[in-house]
Amino acid sequence: MHETVTVDLPGRAYEVRIGPGLIARAGAEIAPLLHRSRVAVLTDDNVAALHLDALGMGLAETGVKMQALTLDAGEATKSWGPLQKCVEWLLDAKVERSDVVVALGGGVIGDLAGFAAAILRRGVRFVQIPTSLLAQVDSSVGGKTGINVAQGKNLVGAFHQPSLVLADTDVLDTLPERDLLAGYGEVVKYGLLGDAEFFAWLERNGPALAQGDAAARIAAVRRSVEMKAEIVIRDETEQGDRALLNLGHTFCHALEAATGYSNRLLHGEGVAIGCALAFELSARLGLCAQEDPSRVRAHLREMGMKTDLADIPGELPGSEALLDLMGQDKKVVDGTLRFILARGIGQAFVTSDVSRDAVRDLLSDGLSARS
Ligand code: GLY
């Protein structure tokens, strides 16, 4: 019933287990990693209300005791203050170098807990139990951990791979539809960046997946994780190919900054709009067929997702200001913006060879469609 994908990094290989009921059997899954029968869990108040008792019972099945620190839900928790609180709590809880920290939550908790584990006693192991679709298909796999700081998102952190990831697909039933669809933006990204057949499968199965089809959810998480694992194995620290995972993200990060990282635009929604923009830009530059961006937008629309700049509520800055926000992105190298463009669906590549004028025109056209 469970699928397993191995992230086969030399000396740090780990498994991502995918399927229903994994929280209920967390004890059996995690026990082989433990030197003593206890774990320290970091979570947030939304997730704790839904899943912390179930995790406690799942661990108790094999006699594993759990202590938990519950943080405020929300992006603001991925910051210095909560990081300090986590590290001090873990030290007070006498978590030792050979113990295991468990991250129970979405991307915020996974990134924060992973970073706390990376710096605690110069590095303790951690297990990811991702509870959002976005975290299951992206942030829990690949070892990027960290926090946001005043200077920007994710600017302080470490590569610290988890020892195990338990992606319990039952928890997806508890997500609000908007969060599920935002996570689906990252799923679509995988098809668009490297697997045209997967994108075609999503066109056929995405609506059923959104409506709760368990088999479709497991298959989509599995293929996404497989693709992420393949890329991370090739390029763990993003010297090259890993940047492909940032398809749509240069646009997304500018839009998130422009909307104040607020509820106006969730990260995965920005990724979906960013992917549509990346394909539109690719078509305008003559890299891919004009049908490709139309097909991308048609699928996102069918899923009821945000697709264009016009779908973002409220004011947006002009194209020049959005371009400047892109210039703040981590993916700027030697002052040059790097874009992930595509020669077709499933054929993304990294390039710095994009003129500012082409991007400005694209954004201006998208912004004028709003009025
Ligand atoms: N979320 C992009 C990466 O893990 O590289």
# chains A, B, ... in the order shown; residues from 1 in each chain; ligands from 1
$ residues_around --residues "A:Ala219" --least-positions-apart "6" --cutoff "12 Å" --atoms "only C-alpha atoms" --output "JSON, numbers by chain"
{"A": [1, 2, 3, 4, 5, 18, 19, 137, 169, 187, 198, 201, 202, 205, 206, 208, 209, 213, 225, 226]}
$ residues_around --residues "A:Asn246" --least-positions-apart "4" --cutoff "10 Å" --atoms "only C-alpha atoms" --output "number ranges by chain"
A: 186, 189, 193, 241-242, 250-252, 271, 274-275, 331, 338-340, 350
$ residues_around --residues "A:Val101" --least-positions-apart "6" --cutoff "7 Å" --atoms "only C-alpha atoms" --output "VMD selection string"
chain A and resid 39 to 41 117 125 to 127
$ write_last_selection --atoms "all heavy atoms" --output "mmCIF file, in the first residue's frame"
data_model
loop_
_atom_site.group_PDB
_atom_site.id
_atom_site.type_symbol
_atom_site.label_atom_id
_atom_site.label_comp_id
_atom_site.auth_asym_id
_atom_site.auth_seq_id
_atom_site.Cartn_x
_atom_site.Cartn_y
_atom_site.Cartn_z
ATOM 1 N N VAL A 39 11.415 10.792 21.058
ATOM 2 C CA VAL A 39 11.671 11.780 20.008
ATOM 3 C C VAL A 39 11.151 13.138 20.488
ATOM 4 O O VAL A 39 10.268 13.218 21.339
ATOM 5 C CB VAL A 39 10.973 11.434 18.666
ATOM 6 C CG1 VAL A 39 11.571 10.216 18.023
ATOM 7 C CG2 VAL A 39 9.466 11.300 18.824
ATOM 8 N N ALA A 40 11.726 14.189 19.918
ATOM 9 C CA ALA A 40 11.258 15.554 20.174
ATOM 10 C C ALA A 40 10.566 16.032 18.900
ATOM 11 O O ALA A 40 11.141 15.974 17.817
ATOM 12 C CB ALA A 40 12.444 16.457 20.492
ATOM 13 N N VAL A 41 9.319 16.481 19.059
ATOM 14 C CA VAL A 41 8.518 16.871 17.892
ATOM 15 C C VAL A 41 8.345 18.387 17.874
ATOM 16 O O VAL A 41 8.025 19.001 18.895
ATOM 17 C CB VAL A 41 7.118 16.205 17.972
ATOM 18 C CG1 VAL A 41 6.249 16.639 16.789
ATOM 19 C CG2 VAL A 41 7.249 14.693 18.009
ATOM 20 N N ALA A 117 17.556 21.385 13.770
ATOM 21 C CA ALA A 117 18.279 20.108 13.903
ATOM 22 C C ALA A 117 19.691 20.230 13.323
ATOM 23 O O ALA A 117 20.649 19.658 13.855
ATOM 24 C CB ALA A 117 17.504 18.992 13.192
ATOM 25 N N ARG A 125 19.961 14.248 13.712
ATOM 26 C CA ARG A 125 19.119 13.744 12.625
ATOM 27 C C ARG A 125 17.678 14.223 12.797
ATOM 28 O O ARG A 125 17.251 14.532 13.913
ATOM 29 C CB ARG A 125 19.176 12.216 12.600
ATOM 30 C CG ARG A 125 20.563 11.685 12.219
ATOM 31 C CD ARG A 125 20.665 10.203 12.528
ATOM 32 N NE ARG A 125 20.377 9.956 13.932
ATOM 33 C CZ ARG A 125 19.842 8.847 14.402
ATOM 34 N NH1 ARG A 125 19.536 7.859 13.592
ATOM 35 N NH2 ARG A 125 19.613 8.704 15.698
ATOM 36 N N PHE A 126 16.964 14.282 11.700
ATOM 37 C CA PHE A 126 15.544 14.643 11.817
ATOM 38 C C PHE A 126 14.705 13.887 10.797
ATOM 39 O O PHE A 126 15.220 13.404 9.773
ATOM 40 C CB PHE A 126 15.335 16.163 11.751
ATOM 41 C CG PHE A 126 15.352 16.785 10.378
ATOM 42 C CD1 PHE A 126 14.216 17.388 9.861
ATOM 43 C CD2 PHE A 126 16.514 16.786 9.608
ATOM 44 C CE1 PHE A 126 14.223 17.976 8.607
ATOM 45 C CE2 PHE A 126 16.530 17.377 8.349
ATOM 46 C CZ PHE A 126 15.378 17.968 7.851
ATOM 47 N N VAL A 127 13.435 13.770 11.163
ATOM 48 C CA VAL A 127 12.458 13.078 10.313
ATOM 49 C C VAL A 127 11.407 14.100 9.916
ATOM 50 O O VAL A 127 10.938 14.865 10.749
ATOM 51 C CB VAL A 127 11.798 11.907 11.092
ATOM 52 C CG1 VAL A 127 10.620 11.324 10.308
ATOM 53 C CG2 VAL A 127 12.822 10.823 11.392
#
$ residues_near_ligand --ligand "ligand 1" --cutoff "8 Å" --atoms "only C-alpha atoms and all ligand atoms" --output "MDAnalysis selection string"
chainID A and resid 138:139 141:144 228 232 238 242:243 245:246
$ residues_around --residues "A:His160" --least-positions-apart "5" --cutoff "12 Å" --atoms "only C-alpha atoms" --output "ChimeraX atom specification"
/A:9,12,110-120,122-128,140-146,236-237
